[in-house]
Each structure stands twice: as structure tokens, then as C-alpha cells.
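**Q** Dropping the structure in here first, questions after.
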Amino acid sequence: MNKIIRTRFAPSPTGFLHVGGVRTALFAWLIAKQNNGQFILRIEDTDKVREVAGSEQHIIDSLHFIGIKWDEGPDIGGQYGPYRQSDKLTIYKEWAQKLVDKGRAYPDPYTQEELNRLREQAKIEKRPFLFREHRPETFAKWDGSSTLRFKSDPKPYVWYDAVMGELSNGEEVIDDFIIMKNDGYPTYNFAHIIDDHLMEITHVLRSQEFISSTPKFLNLYEALEFERPILGTLPFVMGPDGKKKLSKRDGAKDILDYKKEGYSSEALLNFLATLGWNDGTTQEIFSEKELIEKFSIERVSRSGAKFDEQRLLWLNGHYIREMNIDTLYANAKDYFPKEASAYDDAYKKNVLTIIQERLKFYSELPSLTNFFFAEPEPDLTLIQNNKQLSKVEPETLVSLLEVALKGLDGISFETEKLSETLNGLLEKTRQKPAILFSLIRIVTTWAPSSPGLVESLAVLGKETTLSRMKNALNLLSKN
RNA sequence: GGUCCCAUCGUCUAACGGUUAGGACACCAGGUUUUCAUCCUGGCAAUAGGAGUUCGAUUCUCCUUGGGAUCACCA
């Protein structure tokens, strides 16, 4: 006989979504999923001034990227539509009229100027401004187009929050607030309550900044005679300073930027879910399925969590290492350096295979793999600055290269054969690997680091390897 | 300023009122025949302060301190 669990994410189309917003959506989605409930996307576009064109699509793309899907929304419709607040202005007006009829709402009789003056005065007298102290004796008739205020019924509240526990506030925070603006749009304070009710939302999750306006919502629920949903207040995701909430103003990144930089959705999902939540064990890695199973709103922490890029980087690297090569290739395909377009899939896949364990995010692929696709520019400082090689006479380097060149010339470039040959060269030259292998590695890649020598040479192939070694030989002989 | 919320390693966090306060990231050291990375081992590192309740407080209560939110025709 239990009610169907319905949760929602209700962003305003005022720009992109950052990790804080996506985490709110994620938690709401997890609650719906684990209860076989429904998750709804609703667009709260009641502020025409702040609206940014294209935001709605951007929000949809962001959620899709993370893997959050909704059962009802502006793009797919549903039984409880419309899912865009600007499409249901007449509905808000009707409910506003009901409040007027009940004597619980009235047109604001003051001009903006008069209001400002009253606020000023309160400030001078060092007391909080309360509109209800200036509430008119008799209410004018509402013509539907002027500013409408809620007639509050001030009283103290104690309520239960699924995350924060018991919260309370005195009656002094309850005031007559605007529910309908003079442009015909409802305010957030009014619209979201009507919508949550009509859409039969059971759990309202939102971030901490709404905690102080909750009492007025409670007052409004009562006036409308709505059943109150379960409220859950999420702590902020903190910015780099660890003190203030993450905000676009302070450089919070668009979630889609993480996609561009080559973070996997699984890593991001895992990261976001464990930012302020854990299951009480020492488990760090959660699949989507596990998250749906194990998530619980009661275990969300009450204090803000700093967004730690280092941890995200580690997680992403972890997921990359766990991927099978075909999945990884599909994900990373578009991130290869542009010279790679001349090479076939098999070759690129080989490169990816030997680079996999040192890849942290896809967009660093070019810097890690350039020399597999383009002729590297010789950089002798790599030899000069090498701890071991810098101590070796240049003539010795030349002769080492000559011996190596001869040794590699006659063989086929399979890993096993290469490995055997290189070990043989070690004995023949009576050099330490740190000298001989470093030398070969550097002159064939001219990169500060690279994958294992044998693997790298095998992928580069015999022709390329030998030609690069010959070039190096010429270069070193000249000096 | 009024009101409200929060407080464990640098960071994310765990701990029926009883633990040598645990794990992970980061960092440092050592190991795995070159570099970088991976992997393994080890190390560094925390209950903001003060009262109270209790045989016993990270845990419960109060105060202080610190941080944050909110007081819009923004959400």
C-alpha cells in the first residue's frame, strides 16, 4: 500500500550544471531508482531575466553524460506535465486565486519605492524588516496581473530533515512573501510547491541554501492544505578553498568540461556519489548498480565536502585501468593526436594498450603518445640531464648505439624476441640497464617518459625504431 | 546585525558511550632489470577549546571559538 516514490531534479535554465547541481540530481535519482520509483526532470524557468538560451539542452546533456535518466521531463513528456514552469502559468494563477479566495493571499499595495523606504527605516532602527507588520487592513481585489503576496500565519516550526535531522525555527522568520510577480510569473517559493504537489513528489532534495526558507514553505503547505513531502537538505559541495560553496562565479567547471577533458562517466558518478556519502564500510569503488542498492539519504553527511580534483583524478585513472581495451578505445578514440588519423585502428589500439596504466584522463593522450604517430624532435638535453647517461662519455654512447643497432637489425620485432635480444645486448656490452635501456628509450622516443621499452619498440616497429636509432647515431657522432 | 546550519588526519570520510581513533586520496621512503606510470610494503598525519552528565566521552548537553547559509518581484 506504499506510495510510489517520486523524486525530482528542478534546475533553472540559467547556465550550465556544475558538480554540486549534478550531485543533487544524482542523490534524488538514486532514491527513486532504489525504490523502483520515478525520477522527474522539471525546468524552473520563472525568471526570464536570468534565463540563458540553450541551458535546458545543456542540462539534459549533462545529466545524460553522467547516466541519469528520467521517467518524465520536458523532453519526453509524462502524465504530470507540463514539465516546464513557463508552460503552466494559468495553473499557478488558479492556485494563487484559491489562496486569494481563502483570504490567504493579497495584492501588494506598495510601490517598490515605498517598500525600499520601509526596509531602510527598519535598518536604521536596527530591527528586522517584516512585511507582515505593514500588511494592509483590507485586501484589494486581485486582477491577476499585479504582485501577489502570501498572507502568512507566523508560528514556530520543528521539522524533520532526512539529512540534517531535527530542524527548527521561530515565527520571526515567517513573513508575507511574494508568490506571483507582476510579470505574471510565479516565484520559485510558490511554483515549486504547487508543482511538487501536482506531480506527487514524495522526496524533495535540495541544497543547503534553502534551509532558512523552509519554514515559509511549511507555512504555505498548510495554507494550501498540501501534504508535506519528505525534505532532505544536502550540504554544499565546497570550492577549492574548502569554505565557500562551489559556485560558477568562483570558477566551478561545467560538468560537460569534464567530459571534454576525458573523464569517464563511471568515475564521475562514483566520485559524486561518495562526495558526502558512504555506506559505512571502507569500500571506495561503487558501480552504478551498487550505488542504487546501497545509497541511503540518512547516511549523507551534514557538513560540506570539498571538491577534491586529486581524488577524481585517481578514480578516473582507476576506472581507465579497469576498462577492457575495446571499451577504452571507444571512449578515447577521439582524443588521439591529430597525426594519429593516418594510422589504422589496430595500431592505435596497440598504443593505447601499452599506455593504459599511465593514462589518467583521455585528453592527456597526445602528450603521452605523440612519438608513436609523428617523428619526435631530438632533444639532447634528455641525455644530458639523465642521471646515468650524463656520466657516460659521448664516444661510449655512440658505440653502444652501434652495437644495439646491429643487434636489433637481424631480428623480428615481437616482444619476446625483443626482450631476449635486449637482454643479450646487456651482457654483450656489459652495461647496466639504466645506461643501455635508457639510451635506446630516449633516442627512439625523445620523450621524458614512455611505456616499457620492449612494448614501445614492438609497437613502433622495426623500421621506425632502426631509423630513429640511425638518426641519433648521426647526431651523437657529430658532437 | 537577527535567525538558522555545520565542526575527526592537508582532503574525502569510518567508529551500538568502551578501538593502539580505522580506511581512501595526496605526500614521503623502499621494492618490482631504464624513464614515467602501475602494483606491493612501510611511514607521516586528526577528534577546535572549555565545562557538565557518566565508571568511561569523537559520540549526549551547555558555553566559547571558527566556518557557512539566509534575510529579493533569484532560484
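Chain identifiers are assigned as A, B, and so on, following the order in which chains appear in the C-alpha cells; residues are numbered from 1 within each chain, and ligands are numbered from 1 in order of appearance.
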Could you give me, as a CSV table (one decimal) with N, CA and C atoms (P, O5', C5', C4', C3', O3' and C1' of nucleotides), in the first residue's frame, the residues within 10 Å of Asn189 (chain A), counting only C-alpha atoms (C1' of nucleotides) and dropping anything in the same chain fewer than 3 positions from it?

**A**
```csv
chain,number,residue,atom,x,y,z
A,177,PHE,N,5.5,36.7,1.8
A,177,PHE,CA,6.4,36.8,0.7
A,177,PHE,C,5.6,36.7,-0.6
A,178,ILE,N,6.3,37.2,-1.7
A,178,ILE,CA,5.6,37.3,-3.0
A,178,ILE,C,5.5,35.9,-3.6
A,179,ILE,N,4.3,35.6,-4.1
A,179,ILE,CA,4.1,34.3,-4.7
A,179,ILE,C,3.8,34.5,-6.2
A,180,MET,N,3.3,35.7,-6.6
A,180,MET,CA,3.1,35.9,-8.0
A,180,MET,C,3.7,37.3,-8.3
A,186,PRO,N,5.0,33.0,-11.5
A,186,PRO,CA,5.1,32.8,-10.0
A,186,PRO,C,6.5,32.9,-9.6
A,192,HIS,N,7.3,25.9,-7.0
A,192,HIS,CA,7.8,24.6,-6.8
A,192,HIS,C,6.9,23.8,-5.8
A,193,ILE,N,6.2,24.5,-5.0
A,193,ILE,CA,5.3,23.8,-4.0
A,193,ILE,C,4.1,23.3,-4.8
A,194,ILE,N,3.6,24.1,-5.7
A,194,ILE,CA,2.4,23.7,-6.5
A,194,ILE,C,2.8,22.5,-7.3
A,213,SER,N,14.7,29.1,4.3
A,213,SER,CA,13.3,29.4,3.8
A,213,SER,C,12.3,28.3,3.9
A,214,THR,N,12.8,27.2,4.5
A,214,THR,CA,11.9,26.1,4.6
A,214,THR,C,10.7,26.4,5.5
A,216,LYS,N,8.9,29.0,5.7
A,216,LYS,CA,7.8,29.6,5.0
A,216,LYS,C,7.2,28.7,4.0
A,217,PHE,N,8.0,27.7,3.5
A,217,PHE,CA,7.4,26.7,2.7
A,217,PHE,C,6.4,25.8,3.5
A,220,LEU,N,3.2,27.6,3.8
A,220,LEU,CA,2.5,27.6,2.6
A,220,LEU,C,1.8,26.2,2.3
B,75,A,P,12.7,33.2,-9.4
B,75,A,O5',13.9,32.2,-9.8
B,75,A,C5',13.6,30.8,-9.9
B,75,A,C4',14.9,30.1,-9.5
B,75,A,C3',14.7,28.9,-8.7
B,75,A,O3',14.4,27.7,-9.5
B,75,A,C1',16.3,30.2,-7.6
```

**Q** Would you give me, as a short mmCIF file (atom, residue, chain, number, x, y, z; two decimals) with N, CA and C atoms, in the first residue's frame, the residues of chain A that come within 6 Å of chain B, using only C-alpha atoms (C1' of nucleotides)?

**A**
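Final output, part_16.cif:
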```cif
data_model
loop_
_atom_site.label_atom_id
_atom_site.label_comp_id
_atom_site.auth_asym_id
_atom_site.auth_seq_id
_atom_site.Cartn_x
_atom_site.Cartn_y
_atom_site.Cartn_z
N LYS A 181 4.59 37.30 -9.36
CA LYS A 181 5.26 38.53 -9.73
C LYS A 181 4.39 39.36 -10.66
N GLU A 209 21.18 26.03 0.86
CA GLU A 209 20.78 27.44 0.93
C GLU A 209 19.28 27.61 1.16
N SER A 212 16.91 27.94 5.30
CA SER A 212 16.29 29.03 6.07
C SER A 212 14.96 29.48 5.49
N THR A 282 34.62 0.34 4.21
CA THR A 282 35.78 1.02 3.63
C THR A 282 35.78 0.95 2.11
N SER A 303 27.97 17.96 6.90
CA SER A 303 28.86 19.09 6.64
C SER A 303 29.31 19.08 5.19
N ARG A 311 41.41 13.44 -6.06
CA ARG A 311 40.70 12.19 -5.85
C ARG A 311 39.95 11.76 -7.11
N GLU A 357 47.94 1.94 -18.41
CA GLU A 357 48.13 2.06 -16.97
C GLU A 357 48.67 3.42 -16.53
N ARG A 358 49.10 4.22 -17.49
CA ARG A 358 49.57 5.55 -17.05
C ARG A 358 48.67 6.68 -17.52
N PRO A 433 71.30 -1.81 -17.20
CA PRO A 433 70.07 -1.44 -17.92
C PRO A 433 69.84 0.08 -17.88
N ALA A 434 70.20 0.66 -16.76
CA ALA A 434 69.96 2.10 -16.60
C ALA A 434 70.69 2.91 -17.65
N PHE A 437 69.41 0.71 -21.70
CA PHE A 437 67.97 0.81 -21.99
C PHE A 437 67.50 2.26 -22.02
N SER A 438 68.06 3.06 -21.13
CA SER A 438 67.68 4.48 -21.13
C SER A 438 68.06 5.12 -22.46
N SER A 449 59.25 10.51 -20.72
CA SER A 449 58.83 9.20 -20.23
C SER A 449 58.08 8.48 -21.33
#
```

**Q** What is the CA of Leu148 (chain A) to CA of Ala105 (chain A) distance in Å?

**A**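 Taking CA of Leu148 (chain A) and CA of Ala105 (chain A), their separation equals 6.6 Å.
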
**Q** To test your reading of the structure, identify every residue in region 291-438 of chain A that backbone DSSP assigns to helix (DSSP H, G or I), and report it as a ChimeraX atom specification.

**A** /A:291-294,297-299,309-322,325-335,338-342,345-358,362-373,381-384,389-391,394-409,415-429,433-438

**Q** Write a file of the selected residues as an mmCIF file, in the first residue's frame, keeping C-alpha atoms.

**A**
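That gives us out_5.cif:
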```
data_model
loop_
_atom_site.group_PDB
_atom_site.id
_atom_site.type_symbol
_atom_site.label_atom_id
_atom_site.label_comp_id
_atom_site.auth_asym_id
_atom_site.auth_seq_id
_atom_site.Cartn_x
_atom_site.Cartn_y
_atom_site.Cartn_z
ATOM 1 C CA LEU A 291 25.060 2.782 -5.626
ATOM 2 C CA ILE A 292 21.408 2.173 -6.338
ATOM 3 C CA GLU A 293 21.432 -0.701 -3.870
ATOM 4 C CA LYS A 294 23.421 0.893 -1.104
ATOM 5 C CA ILE A 297 19.814 9.550 2.370
ATOM 6 C CA GLU A 298 20.277 9.106 6.123
ATOM 7 C CA ARG A 299 23.963 8.402 5.607
ATOM 8 C CA GLU A 309 40.267 17.101 -8.028
ATOM 9 C CA GLN A 310 43.115 14.824 -6.958
ATOM 10 C CA ARG A 311 40.700 12.185 -5.854
ATOM 11 C CA LEU A 312 38.704 12.461 -9.040
ATOM 12 C CA LEU A 313 41.925 12.047 -10.993
ATOM 13 C CA TRP A 314 42.810 8.924 -9.059
ATOM 14 C CA LEU A 315 39.339 7.486 -9.513
ATOM 15 C CA ASN A 316 39.369 8.186 -13.216
ATOM 16 C CA GLY A 317 42.763 6.538 -13.608
ATOM 17 C CA HIS A 318 41.455 3.583 -11.683
ATOM 18 C CA TYR A 319 38.469 3.210 -13.980
ATOM 19 C CA ILE A 320 40.667 3.534 -17.054
ATOM 20 C CA ARG A 321 42.934 0.746 -15.826
ATOM 21 C CA GLU A 322 39.933 -1.475 -15.185
ATOM 22 C CA ILE A 325 40.758 -2.354 -24.232
ATOM 23 C CA ASP A 326 37.812 -2.151 -26.617
ATOM 24 C CA THR A 327 35.786 -0.027 -24.231
ATOM 25 C CA LEU A 328 38.766 2.165 -23.568
ATOM 26 C CA TYR A 329 39.426 2.535 -27.258
ATOM 27 C CA ALA A 330 35.833 3.510 -27.930
ATOM 28 C CA ASN A 331 35.995 6.100 -25.172
ATOM 29 C CA ALA A 332 39.392 7.531 -26.043
ATOM 30 C CA LYS A 333 39.243 7.292 -29.839
ATOM 31 C CA ASP A 334 38.664 10.994 -30.384
ATOM 32 C CA TYR A 335 41.478 12.096 -28.111
ATOM 33 C CA LYS A 338 45.812 14.561 -34.942
ATOM 34 C CA GLU A 339 48.697 12.759 -36.658
ATOM 35 C CA ALA A 340 47.108 9.519 -35.490
ATOM 36 C CA SER A 341 44.427 9.784 -38.156
ATOM 37 C CA ALA A 342 46.962 8.363 -40.625
ATOM 38 C CA ASP A 345 42.643 1.124 -35.525
ATOM 39 C CA ALA A 346 44.858 -1.856 -34.765
ATOM 40 C CA TYR A 347 47.952 0.298 -34.382
ATOM 41 C CA LYS A 348 46.156 2.872 -32.243
ATOM 42 C CA LYS A 349 44.738 0.148 -30.100
ATOM 43 C CA ASN A 350 48.228 -1.230 -29.541
ATOM 44 C CA VAL A 351 49.440 2.180 -28.476
ATOM 45 C CA LEU A 352 46.524 2.505 -26.121
ATOM 46 C CA THR A 353 47.176 -0.896 -24.622
ATOM 47 C CA ILE A 354 50.692 -0.050 -23.548
ATOM 48 C CA ILE A 355 49.714 3.426 -22.333
ATOM 49 C CA GLN A 356 46.632 2.316 -20.420
ATOM 50 C CA GLU A 357 48.126 2.057 -16.968
ATOM 51 C CA ARG A 358 49.566 5.547 -17.052
ATOM 52 C CA TYR A 362 41.747 10.934 -22.132
ATOM 53 C CA SER A 363 42.846 14.397 -23.174
ATOM 54 C CA GLU A 364 46.373 13.732 -21.981
ATOM 55 C CA LEU A 365 46.635 11.096 -24.677
ATOM 56 C CA PRO A 366 48.508 13.337 -27.165
ATOM 57 C CA SER A 367 51.265 14.234 -24.733
ATOM 58 C CA LEU A 368 51.667 10.578 -23.830
ATOM 59 C CA THR A 369 51.633 9.101 -27.314
ATOM 60 C CA ASN A 370 52.911 11.716 -29.742
ATOM 61 C CA PHE A 371 56.068 9.851 -30.670
ATOM 62 C CA PHE A 372 54.069 6.851 -31.825
ATOM 63 C CA PHE A 373 52.488 8.906 -34.570
ATOM 64 C CA THR A 381 69.072 17.606 -23.013
ATOM 65 C CA LEU A 382 67.202 14.396 -22.234
ATOM 66 C CA ILE A 383 70.574 12.637 -22.349
ATOM 67 C CA GLN A 384 72.488 15.431 -20.661
ATOM 68 C CA LEU A 389 73.748 8.835 -19.163
ATOM 69 C CA SER A 390 75.240 12.212 -18.291
ATOM 70 C CA LYS A 391 78.175 10.374 -16.735
ATOM 71 C CA PRO A 394 79.832 10.549 -25.773
ATOM 72 C CA GLU A 395 82.035 8.047 -27.645
ATOM 73 C CA THR A 396 80.719 5.276 -25.467
ATOM 74 C CA LEU A 397 77.148 6.294 -26.255
ATOM 75 C CA VAL A 398 77.942 6.156 -29.933
ATOM 76 C CA SER A 399 79.465 2.732 -29.722
ATOM 77 C CA LEU A 400 76.617 1.462 -27.575
ATOM 78 C CA LEU A 401 74.161 2.625 -30.180
ATOM 79 C CA GLU A 402 76.159 0.977 -32.918
ATOM 80 C CA VAL A 403 76.143 -2.339 -31.101
ATOM 81 C CA ALA A 404 72.432 -2.046 -30.317
ATOM 82 C CA LEU A 405 71.633 -1.165 -33.901
ATOM 83 C CA LYS A 406 73.499 -4.194 -35.142
ATOM 84 C CA GLY A 407 71.834 -6.453 -32.609
ATOM 85 C CA LEU A 408 68.322 -5.308 -33.413
ATOM 86 C CA ASP A 409 68.816 -5.292 -37.141
ATOM 87 C CA THR A 415 58.036 -8.690 -27.655
ATOM 88 C CA GLU A 416 59.569 -11.995 -26.735
ATOM 89 C CA LYS A 417 62.341 -11.780 -29.307
ATOM 90 C CA LEU A 418 62.970 -8.125 -28.476
ATOM 91 C CA SER A 419 63.229 -8.852 -24.810
ATOM 92 C CA GLU A 420 65.652 -11.702 -25.423
ATOM 93 C CA THR A 421 67.791 -9.592 -27.742
ATOM 94 C CA LEU A 422 67.921 -6.597 -25.431
ATOM 95 C CA ASN A 423 68.981 -8.800 -22.537
ATOM 96 C CA GLY A 424 71.659 -10.248 -24.773
ATOM 97 C CA LEU A 425 72.904 -6.747 -25.539
ATOM 98 C CA LEU A 426 73.143 -6.081 -21.843
ATOM 99 C CA GLU A 427 75.566 -8.981 -21.492
ATOM 100 C CA LYS A 428 77.471 -8.163 -24.648
ATOM 101 C CA THR A 429 78.041 -4.505 -23.709
ATOM 102 C CA PRO A 433 70.074 -1.435 -17.923
ATOM 103 C CA ALA A 434 69.956 2.096 -16.597
ATOM 104 C CA ILE A 435 72.524 3.050 -19.247
ATOM 105 C CA LEU A 436 71.749 0.937 -22.268
ATOM 106 C CA PHE A 437 67.974 0.810 -21.988
ATOM 107 C CA SER A 438 67.684 4.483 -21.128
#
```

**Q** Assign secondary structure with DSSP using the backbone only, and return the residues of region 177-416 of chain A in strand (DSSP E) as a CSV table (one decimal) with N, CA and C atoms, in the first residue's frame.

**A**
```csv
chain,number,residue,atom,x,y,z
A,178,ILE,N,6.3,37.2,-1.7
A,178,ILE,CA,5.6,37.3,-3.0
A,178,ILE,C,5.5,35.9,-3.6
A,179,ILE,N,4.3,35.6,-4.1
A,179,ILE,CA,4.1,34.3,-4.7
A,179,ILE,C,3.8,34.5,-6.2
A,180,MET,N,3.3,35.7,-6.6
A,180,MET,CA,3.1,35.9,-8.0
A,180,MET,C,3.7,37.3,-8.3
A,203,HIS,N,9.8,13.0,-2.2
A,203,HIS,CA,11.0,13.4,-1.6
A,203,HIS,C,11.6,14.7,-2.3
A,204,VAL,N,11.7,15.7,-1.5
A,204,VAL,CA,12.3,16.9,-2.1
A,204,VAL,C,13.8,17.1,-1.6
A,205,LEU,N,14.7,16.9,-2.5
A,205,LEU,CA,16.1,17.1,-2.1
A,205,LEU,C,16.6,18.4,-2.7
A,206,ARG,N,17.3,19.2,-1.9
A,206,ARG,CA,17.9,20.4,-2.4
A,206,ARG,C,19.0,20.8,-1.5
A,207,SER,N,19.8,21.8,-2.0
A,207,SER,CA,21.0,22.1,-1.3
A,207,SER,C,20.7,23.1,-0.2
A,230,ILE,N,8.7,14.5,2.1
A,230,ILE,CA,9.9,14.3,2.9
A,230,ILE,C,11.0,15.3,2.4
A,231,LEU,N,11.6,16.0,3.3
A,231,LEU,CA,12.6,17.0,2.9
A,231,LEU,C,14.0,16.5,3.2
A,232,GLY,N,14.8,16.7,2.3
A,232,GLY,CA,16.2,16.4,2.5
A,232,GLY,C,17.1,17.5,2.1
A,233,THR,N,17.9,18.0,3.0
A,233,THR,CA,18.8,19.1,2.7
A,233,THR,C,20.3,18.6,2.5
A,234,LEU,N,20.8,18.8,1.4
A,234,LEU,CA,22.2,18.4,1.1
A,234,LEU,C,23.2,19.5,1.4
A,237,VAL,N,28.6,21.4,-1.8
A,237,VAL,CA,29.9,21.0,-2.3
A,237,VAL,C,30.8,22.2,-2.3
A,238,MET,N,31.9,22.1,-1.6
A,238,MET,CA,32.7,23.3,-1.4
A,238,MET,C,33.7,23.5,-2.5
A,305,ALA,N,31.4,19.2,1.7
A,305,ALA,CA,32.6,18.4,1.3
A,305,ALA,C,33.3,19.1,0.2
A,306,LYS,N,34.6,19.3,0.3
A,306,LYS,CA,35.4,20.0,-0.7
A,306,LYS,C,35.5,19.1,-1.9
```

**Q** Check the smallest atom-to-atom distance from each of A:Thr465, A:Thr24, A:Ser55, A:Ser12 to Arg42 (chain A) using only C-alpha atoms, then report the winner.

**A**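 The shortest atom-to-atom distance to Arg42 (chain A) comes from A:Ser12.
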
**Q** For region 132-143 of chain A, list every protein, DNA or RNA residue within 8 Å, evaluated using only C-alpha atoms (C1' of nucleotides), and leave out those in the same chain fewer than 4 positions away; present the list as a PyMOL selection string.

**A** chain A and resi 100+106-107+109+148+151-152+175-176

**Q** Tell me, as a PyMOL selection string, which residues lie within 12 Å of U59 (chain B), counting only C-alpha atoms (C1' of nucleotides); anything in the same chain fewer than 4 positions away does not count.

**A** chain B and resi 8+15-18+21+47

**Q** Dump N, CA and C atoms (P, O5', C5', C4', C3', O3' and C1' of nucleotides) for the selected residues as a CSV table (one decimal), in the first residue's frame?

**A**
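Output file again06.csv is given in full below:
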```csv
chain,number,residue,atom,x,y,z
B,8,U,P,35.2,18.0,11.1
B,8,U,O5',36.3,17.1,11.7
B,8,U,C5',36.8,17.2,13.0
B,8,U,C4',37.7,16.1,13.4
B,8,U,C3',38.6,15.7,12.3
B,8,U,O3',39.8,16.5,12.3
B,8,U,C1',37.6,13.8,13.2
B,15,A,P,30.2,5.4,11.2
B,15,A,O5',31.0,4.9,12.4
B,15,A,C5',31.0,3.5,12.7
B,15,A,C4',32.0,3.3,13.8
B,15,A,C3',31.7,3.9,15.2
B,15,A,O3',30.9,3.1,16.0
B,15,A,C1',33.9,4.4,14.6
B,16,C,P,29.3,3.4,15.9
B,16,C,O5',28.9,3.2,17.4
B,16,C,C5',28.5,1.9,17.9
B,16,C,C4',27.0,1.9,18.1
B,16,C,C3',26.6,2.6,19.4
B,16,C,O3',26.4,4.0,19.2
B,16,C,C1',25.7,0.4,19.5
B,17,G,P,26.0,5.0,20.4
B,17,G,O5',27.4,5.0,21.1
B,17,G,C5',27.6,5.8,22.3
B,17,G,C4',29.0,5.5,22.8
B,17,G,C3',29.1,4.1,23.4
B,17,G,O3',30.4,3.6,23.5
B,17,G,C1',29.2,5.7,25.1
B,18,G,P,31.4,3.0,22.7
B,18,G,O5',32.5,2.8,23.8
B,18,G,C5',33.5,3.8,23.9
B,18,G,C4',34.7,3.2,24.6
B,18,G,C3',35.3,1.9,23.9
B,18,G,O3',36.7,1.9,24.1
B,18,G,C1',34.3,1.3,26.0
B,21,A,P,43.2,4.8,20.3
B,21,A,O5',43.3,5.0,18.7
B,21,A,C5',42.8,4.0,17.9
B,21,A,C4',41.7,4.6,17.0
B,21,A,C3',42.2,5.3,15.7
B,21,A,O3',42.4,4.3,14.7
B,21,A,C1',40.6,6.7,16.7
B,47,U,P,43.8,16.3,17.5
B,47,U,O5',42.4,15.5,17.8
B,47,U,C5',41.3,16.2,18.3
B,47,U,C4',40.1,16.0,17.4
B,47,U,C3',38.8,16.5,17.9
B,47,U,O3',38.1,17.1,16.9
B,47,U,C1',38.6,14.2,17.4
```

**Q** Would you work out the distance separating CA of Thr187 (chain A) from CA of Thr46 (chain A), expressed in Å to one decimal?

**A**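 Value for the CA of Thr187 (chain A)-CA of Thr46 (chain A) distance: 6.7 Å.
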
**Q** Using only C-alpha atoms (C1' of nucleotides), which residues sit within 12 Å of A29 (chain B) once same-chain residues fewer than 3 positions away are excluded, as a ChimeraX atom specification?

**A** /B:41-44
